[in-house]
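Take a look at the structure set out below.
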Amino acid sequence: MKRPIIGVCPLFDSEKNSLWMLPGYNDGIENAGGVPLMLPLSRDKKVLAAAFEVCDGLVLTGGQDVDPALYGGRKETCGEICEKRDFAEALHLKLALERDKPVLGICRGIQFLNAALGGTLYGDLKTEHKSSVGHVMTPPYDRAVHKVTIKKGTPLYDIIGAEQISVNSYHHQAVKTLSPKLSEAARSEDGLIEGVFLPGKKFVLAVQWHPEFSFKTDENSRKIFSAFVNAAK
């Protein structure tokens with residue numbers, strides 16, 4: 001069987017003015033049987049569409065904050081944004097949904113998916129959702145720091161096969177109001193939505209934690225990558 005090509009949204013380094021990629025995204029995809037392909041950052045819709053044309057699935061990666069303009073948030077609580085990235089990912093997501101190609105969102109990916117589909121975000125958890133749960137962990141990032149509860153009957157539960165798992169965590173934004181198009185799949189101990197899916201699609205799933213950091217040591221992270229890549233075959 002042909003190995004599916006997975007389009008991976010690049011990360012952007014504003015200081016070096018460069019595109020880059022954490023190896024865990026690519027390695028997790030490759031380990032699951034896919035071929036990772038880093039997508040371009042461009043404002044040319046034809047370029048973006050041509051690049052995505054060869055892809056069988058899409059990964060929305062971590063990185064800069066989502067522009068508050070997308071969800072009616074306040075810029076005062078927001079960190080660095082990348083408008084070009086928001087533009088490119090919006091088009092890639094639109095194409096993926098129109099063509100029912102599998103989508104996996106990770107960290108910023110769950111936030112962008114929710115905002116793009118009409119939901120809102122906490123701009124800064126430290127000030128807007130105070131909690132004793134650690135959402136900004138220190139290295140190493142492949143260890144678990146808090147638990148999430150997974151809803152039965154959701155695609156995430158079908159993948160993991162358990163109601164509660166322990167996850168890593170590194171983020172300062174999160175889903176506030178869930179998009180009316182999305183359904184909840186998991187919550188953290190302090191009530192944050194940590195997993196979502198889009199009903200009626202082959203595979204549109206996003207998590208707040210980081211399977212790209214933990215797939216080598218965590219079976220649940222490998223299960224997520226495998227389910228996603230298998231849906232793209």
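Chain identifiers are assigned as A, B, and so on, following the order in which chains appear in the structure tokens; residues are numbered from 1 within each chain, and ligands are numbered from 1 in order of appearance.
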
Tell me, counting only C-alpha atoms, for each residue of region 102-130 of chain A within 12 Å of region 134-149 of chain A, which pair of atoms is nearest and how far apart they are in Å to one decimal, in rows ordered by chain and increasing number, as JSON lines.
{"residue": "A:Cys107", "atom": "CA", "partner": "A:His135", "partner_atom": "CA", "distance": 11.1}
{"residue": "A:Asp124", "atom": "CA", "partner": "A:His135", "partner_atom": "CA", "distance": 11.2}
{"residue": "A:Leu125", "atom": "CA", "partner": "A:His135", "partner_atom": "CA", "distance": 8.5}
{"residue": "A:Lys126", "atom": "CA", "partner": "A:His135", "partner_atom": "CA", "distance": 9.3}
{"residue": "A:His129", "atom": "CA", "partner": "A:His135", "partner_atom": "CA", "distance": 10.8}
{"residue": "A:Lys130", "atom": "CA", "partner": "A:Gly134", "partner_atom": "CA", "distance": 10.2}

- Task: Using DSSP on the backbone coordinates, identify the residues of region 48-189 of chain A assigned to strand (DSSP E or B); present them as JSON, numbers by chain.
- Result: {"A": [57, 58, 59, 60, 65, 81, 103, 104, 105, 106, 121, 122, 136, 146, 147, 148, 149, 150, 164, 165, 166, 167, 170, 174, 175, 183, 184, 185, 186, 187, 188]}

Find the spatial neighbours of Thr127 (chain A), counting only C-alpha atoms, within a cut-off of 12 Å - ignore same-chain residues fewer than 6 positions away - and output them as a tab-separated table (two decimals) with N, CA and C atoms, in the first residue's frame.
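Result file is result27.tsv:
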chain	number	residue	atom	x	y	z
A	76	GLU	N	-3.72	42.32	24.15
A	76	GLU	CA	-2.91	42.54	25.36
A	76	GLU	C	-2.49	41.23	26.01
A	77	THR	N	-3.32	40.20	25.90
A	77	THR	CA	-3.01	38.92	26.55
A	77	THR	C	-2.31	37.95	25.61
A	78	CYS	N	-2.10	38.38	24.40
A	78	CYS	CA	-1.56	37.48	23.37
A	78	CYS	C	-0.04	37.63	23.25
A	172	HIS	N	0.17	28.16	26.76
A	172	HIS	CA	-0.36	29.22	27.59
A	172	HIS	C	-1.70	29.72	27.06
A	173	GLN	N	-2.17	29.16	25.94
A	173	GLN	CA	-3.51	29.42	25.44
A	173	GLN	C	-4.28	28.10	25.41

- Identify which of the residues A:Tyr122, A:Tyr170, A:Phe225, A:Phe87 lies closest to Glu212 (chain A), counting only C-alpha atoms when measuring atom-to-atom distances.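 Of A:Tyr122, A:Tyr170, A:Phe225, A:Phe87, the one nearest Glu212 (chain A) is A:Phe225, counting only C-alpha atoms.
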
- Message: According to DSSP computed on the backbone, where in region 75-190 of chain A is there helix (DSSP H, G or I)? Give the residues as JSON, numbers by chain.
- Response: {"A": [75, 76, 77, 83, 84, 85, 86, 87, 88, 89, 90, 91, 92, 93, 94, 95, 96, 97, 98, 108, 109, 110, 111, 112, 113, 114, 115, 116, 125, 126, 127, 128, 155, 156, 157, 158, 159, 160]}

- Task: Please measure the separation of CA of Ile159 (chain A) and CA of Thr217 (chain A), giving the value in Å to one decimal.
- Result: 17.2 Å

- Message: Restricting the calculation to only C-alpha atoms: of A:Tyr71, A:Ser14, A:Pro102, A:Pro155, which residue gets closest to Arg85 (chain A)?
- Response: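 With only C-alpha atoms as the atom set, the closest residue is A:Ser14.
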
- Query: Do you have the CA of Lys84 (chain A)-CA of Asp100 (chain A) distance handy?
  - Reply: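 A separation of 24.0 Å between them.
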
- Item | For Val47 (chain A), the nearest of the candidates A:Met21, A:Ile5, A:Val35, A:Leu91, counting only C-alpha atoms |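 Distance minimum relative to Val47 (chain A) lands on A:Leu91.
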
- Message: Taking only C-alpha atoms into account, name the residue in A:Ala116, A:Ala96, A:Ala51, A:Ala227 that is nearest to Leu39 (chain A).
- Response: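 Residue with the minimum atom-to-atom distance to Leu39 (chain A): A:Ala51.
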
- For Leu182 (chain A), the nearest of the candidates A:Ala162, A:Val229, A:Val204, A:Leu19, counting only C-alpha atoms: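 Nearest candidate to Leu182 (chain A) out of A:Ala162, A:Val229, A:Val204, A:Leu19: A:Val204.
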
- Task: Could you check which of A:Val8, A:Gly34, A:Asp158, A:Pro23 is closest to Ala232 (chain A), using only C-alpha atoms?
- Result: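 Closest to Ala232 (chain A) of all the choices is A:Gly34.
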
- Message: One number please: CA of Ser132 (chain A) to CA of Gly72 (chain A), in Å, one decimal.
- Response: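 Separating CA of Ser132 (chain A) from CA of Gly72 (chain A) is a distance of 27.1 Å.
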
List the spatial neighbours of Asp86 (chain A) as a PDB file with N, CA, C and O atoms, in the first residue's frame - criterion: any atom at most 12 Å away, only C-alpha atoms, same-chain residues fewer than 3 positions off excluded.
ATOM      1  N   CYS A   9       2.348  21.658   8.743  1.00  0.00           N
ATOM      2  CA  CYS A   9       2.483  23.108   8.763  1.00  0.00           C
ATOM      3  C   CYS A   9       3.789  23.488   9.463  1.00  0.00           C
ATOM      4  O   CYS A   9       4.055  23.047  10.576  1.00  0.00           O
ATOM      5  N   PRO A  10       4.618  24.314   8.839  1.00  0.00           N
ATOM      6  CA  PRO A  10       5.922  24.648   9.407  1.00  0.00           C
ATOM      7  C   PRO A  10       5.825  25.610  10.580  1.00  0.00           C
ATOM      8  O   PRO A  10       4.850  26.351  10.720  1.00  0.00           O
ATOM      9  N   LEU A  11       6.855  25.579  11.412  1.00  0.00           N
ATOM     10  CA  LEU A  11       6.998  26.564  12.468  1.00  0.00           C
ATOM     11  C   LEU A  11       7.817  27.724  11.920  1.00  0.00           C
ATOM     12  O   LEU A  11       8.596  27.546  10.979  1.00  0.00           O
ATOM     13  N   PHE A  12       7.642  28.913  12.509  1.00  0.00           N
ATOM     14  CA  PHE A  12       8.336  30.100  12.005  1.00  0.00           C
ATOM     15  C   PHE A  12       9.145  30.752  13.117  1.00  0.00           C
ATOM     16  O   PHE A  12       8.635  30.982  14.212  1.00  0.00           O
ATOM     17  N   LEU A  41       5.031  28.420   3.634  1.00  0.00           N
ATOM     18  CA  LEU A  41       4.320  29.568   4.193  1.00  0.00           C
ATOM     19  C   LEU A  41       4.287  30.622   3.107  1.00  0.00           C
ATOM     20  O   LEU A  41       5.327  31.119   2.682  1.00  0.00           O
ATOM     21  N   SER A  42       3.100  30.931   2.639  1.00  0.00           N
ATOM     22  CA  SER A  42       2.962  31.857   1.523  1.00  0.00           C
ATOM     23  C   SER A  42       1.619  32.551   1.620  1.00  0.00           C
ATOM     24  O   SER A  42       0.690  32.055   2.282  1.00  0.00           O
ATOM     25  N   ARG A  43       1.511  33.697   0.986  1.00  0.00           N
ATOM     26  CA  ARG A  43       0.218  34.366   0.865  1.00  0.00           C
ATOM     27  C   ARG A  43      -0.391  34.143  -0.519  1.00  0.00           C
ATOM     28  O   ARG A  43      -1.433  34.704  -0.839  1.00  0.00           O
ATOM     29  N   LEU A  60      -1.725  20.216  11.874  1.00  0.00           N
ATOM     30  CA  LEU A  60      -1.631  21.578  12.378  1.00  0.00           C
ATOM     31  C   LEU A  60      -0.741  21.533  13.612  1.00  0.00           C
ATOM     32  O   LEU A  60      -1.122  20.948  14.632  1.00  0.00           O
ATOM     33  N   THR A  61       0.437  22.129  13.527  1.00  0.00           N
ATOM     34  CA  THR A  61       1.465  21.994  14.550  1.00  0.00           C
ATOM     35  C   THR A  61       1.355  23.078  15.630  1.00  0.00           C
ATOM     36  O   THR A  61       0.513  23.962  15.575  1.00  0.00           O
ATOM     37  N   GLY A  62       2.285  23.015  16.600  1.00  0.00           N
ATOM     38  CA  GLY A  62       2.370  24.025  17.649  1.00  0.00           C
ATOM     39  C   GLY A  62       3.087  25.259  17.158  1.00  0.00           C
ATOM     40  O   GLY A  62       3.474  25.356  15.996  1.00  0.00           O
ATOM     41  N   GLY A  63       3.313  26.219  18.066  1.00  0.00           N
ATOM     42  CA  GLY A  63       4.033  27.419  17.673  1.00  0.00           C
ATOM     43  C   GLY A  63       3.421  28.691  18.219  1.00  0.00           C
ATOM     44  O   GLY A  63       2.880  28.702  19.331  1.00  0.00           O
ATOM     45  N   GLN A  64       3.483  29.752  17.420  1.00  0.00           N
ATOM     46  CA  GLN A  64       2.997  31.062  17.858  1.00  0.00           C
ATOM     47  C   GLN A  64       1.513  31.053  18.233  1.00  0.00           C
ATOM     48  O   GLN A  64       0.775  30.137  17.876  1.00  0.00           O
ATOM     49  N   ASP A  65       1.118  32.108  18.936  1.00  0.00           N
ATOM     50  CA  ASP A  65      -0.284  32.253  19.292  1.00  0.00           C
ATOM     51  C   ASP A  65      -1.144  32.484  18.057  1.00  0.00           C
ATOM     52  O   ASP A  65      -0.664  33.010  17.048  1.00  0.00           O
ATOM     53  N   VAL A  66      -2.393  32.090  18.163  1.00  0.00           N
ATOM     54  CA  VAL A  66      -3.366  32.380  17.114  1.00  0.00           C
ATOM     55  C   VAL A  66      -3.758  33.857  17.227  1.00  0.00           C
ATOM     56  O   VAL A  66      -3.986  34.371  18.326  1.00  0.00           O
ATOM     57  N   ASP A  67      -3.834  34.541  16.107  1.00  0.00           N
ATOM     58  CA  ASP A  67      -4.185  35.964  16.087  1.00  0.00           C
ATOM     59  C   ASP A  67      -5.545  36.168  16.755  1.00  0.00           C
ATOM     60  O   ASP A  67      -6.541  35.565  16.350  1.00  0.00           O
ATOM     61  N   PRO A  68      -5.617  37.020  17.787  1.00  0.00           N
ATOM     62  CA  PRO A  68      -6.897  37.271  18.467  1.00  0.00           C
ATOM     63  C   PRO A  68      -7.988  37.783  17.526  1.00  0.00           C
ATOM     64  O   PRO A  68      -9.176  37.641  17.829  1.00  0.00           O
ATOM     65  N   ALA A  69      -7.595  38.356  16.399  1.00  0.00           N
ATOM     66  CA  ALA A  69      -8.585  38.850  15.440  1.00  0.00           C
ATOM     67  C   ALA A  69      -9.456  37.720  14.908  1.00  0.00           C
ATOM     68  O   ALA A  69     -10.587  37.948  14.476  1.00  0.00           O
ATOM     69  N   LEU A  70      -8.938  36.486  14.956  1.00  0.00           N
ATOM     70  CA  LEU A  70      -9.693  35.341  14.445  1.00  0.00           C
ATOM     71  C   LEU A  70     -10.812  34.906  15.378  1.00  0.00           C
ATOM     72  O   LEU A  70     -11.747  34.238  14.948  1.00  0.00           O
ATOM     73  N   ILE A  81       2.479  36.481  17.338  1.00  0.00           N
ATOM     74  CA  ILE A  81       1.645  35.841  16.324  1.00  0.00           C
ATOM     75  C   ILE A  81       2.403  35.814  14.998  1.00  0.00           C
ATOM     76  O   ILE A  81       3.438  36.452  14.848  1.00  0.00           O
ATOM     77  N   CYS A  82       1.881  35.056  14.059  1.00  0.00           N
ATOM     78  CA  CYS A  82       2.463  34.979  12.722  1.00  0.00           C
ATOM     79  C   CYS A  82       1.298  35.019  11.737  1.00  0.00           C
ATOM     80  O   CYS A  82       0.661  33.984  11.478  1.00  0.00           O
ATOM     81  N   GLU A  83       1.015  36.192  11.194  1.00  0.00           N
ATOM     82  CA  GLU A  83      -0.147  36.362  10.316  1.00  0.00           C
ATOM     83  C   GLU A  83      -0.052  35.495   9.068  1.00  0.00           C
ATOM     84  O   GLU A  83      -1.062  34.956   8.598  1.00  0.00           O
ATOM     85  N   GLU A  89      -2.491  28.368   7.083  1.00  0.00           N
ATOM     86  CA  GLU A  89      -3.172  27.251   7.744  1.00  0.00           C
ATOM     87  C   GLU A  89      -4.679  27.314   7.534  1.00  0.00           C
ATOM     88  O   GLU A  89      -5.344  26.276   7.440  1.00  0.00           O
ATOM     89  N   ALA A  90      -5.216  28.519   7.454  1.00  0.00           N
ATOM     90  CA  ALA A  90      -6.653  28.660   7.198  1.00  0.00           C
ATOM     91  C   ALA A  90      -7.011  28.062   5.842  1.00  0.00           C
ATOM     92  O   ALA A  90      -8.028  27.368   5.694  1.00  0.00           O
ATOM     93  N   LEU A  91      -6.167  28.320   4.833  1.00  0.00           N
ATOM     94  CA  LEU A  91      -6.442  27.772   3.512  1.00  0.00           C
ATOM     95  C   LEU A  91      -6.248  26.263   3.491  1.00  0.00           C
ATOM     96  O   LEU A  91      -7.076  25.531   2.939  1.00  0.00           O
ATOM     97  N   HIS A  92      -5.170  25.778   4.102  1.00  0.00           N
ATOM     98  CA  HIS A  92      -4.930  24.331   4.131  1.00  0.00           C
ATOM     99  C   HIS A  92      -6.055  23.603   4.857  1.00  0.00           C
ATOM    100  O   HIS A  92      -6.510  22.539   4.422  1.00  0.00           O
ATOM    101  N   LEU A  93      -6.515  24.180   5.963  1.00  0.00           N
ATOM    102  CA  LEU A  93      -7.616  23.559   6.700  1.00  0.00           C
ATOM    103  C   LEU A  93      -8.890  23.566   5.858  1.00  0.00           C
ATOM    104  O   LEU A  93      -9.616  22.560   5.818  1.00  0.00           O
ATOM    105  N   ARG A 108      -1.114  24.296  19.506  1.00  0.00           N
ATOM    106  CA  ARG A 108      -1.676  25.412  18.736  1.00  0.00           C
ATOM    107  C   ARG A 108      -2.712  24.885  17.739  1.00  0.00           C
ATOM    108  O   ARG A 108      -3.679  25.573  17.410  1.00  0.00           O
ATOM    109  N   GLY A 109      -2.502  23.663  17.264  1.00  0.00           N
ATOM    110  CA  GLY A 109      -3.401  23.069  16.279  1.00  0.00           C
ATOM    111  C   GLY A 109      -4.833  22.958  16.770  1.00  0.00           C
ATOM    112  O   GLY A 109      -5.773  23.211  16.006  1.00  0.00           O
ATOM    113  N   GLN A 111      -6.108  24.873  19.074  1.00  0.00           N
ATOM    114  CA  GLN A 111      -6.544  26.257  19.241  1.00  0.00           C
ATOM    115  C   GLN A 111      -6.924  26.873  17.894  1.00  0.00           C
ATOM    116  O   GLN A 111      -7.968  27.533  17.776  1.00  0.00           O
ATOM    117  N   PHE A 112      -6.084  26.641  16.885  1.00  0.00           N
ATOM    118  CA  PHE A 112      -6.375  27.204  15.571  1.00  0.00           C
ATOM    119  C   PHE A 112      -7.631  26.571  14.976  1.00  0.00           C
ATOM    120  O   PHE A 112      -8.472  27.279  14.399  1.00  0.00           O
ATOM    121  N   LEU A 113      -7.770  25.271  15.093  1.00  0.00           N
ATOM    122  CA  LEU A 113      -8.960  24.585  14.590  1.00  0.00           C
ATOM    123  C   LEU A 113     -10.215  25.172  15.220  1.00  0.00           C
ATOM    124  O   LEU A 113     -11.198  25.466  14.527  1.00  0.00           O
ATOM    125  N   ALA A 115     -10.633  28.154  16.704  1.00  0.00           N
ATOM    126  CA  ALA A 115     -10.846  29.555  16.305  1.00  0.00           C
ATOM    127  C   ALA A 115     -11.322  29.659  14.863  1.00  0.00           C
ATOM    128  O   ALA A 115     -12.216  30.451  14.551  1.00  0.00           O
ATOM    129  N   ALA A 116     -10.739  28.831  13.981  1.00  0.00           N
ATOM    130  CA  ALA A 116     -11.108  28.871  12.568  1.00  0.00           C
ATOM    131  C   ALA A 116     -12.558  28.460  12.346  1.00  0.00           C
ATOM    132  O   ALA A 116     -13.186  28.889  11.374  1.00  0.00           O
TER     133      ALA A 116
END
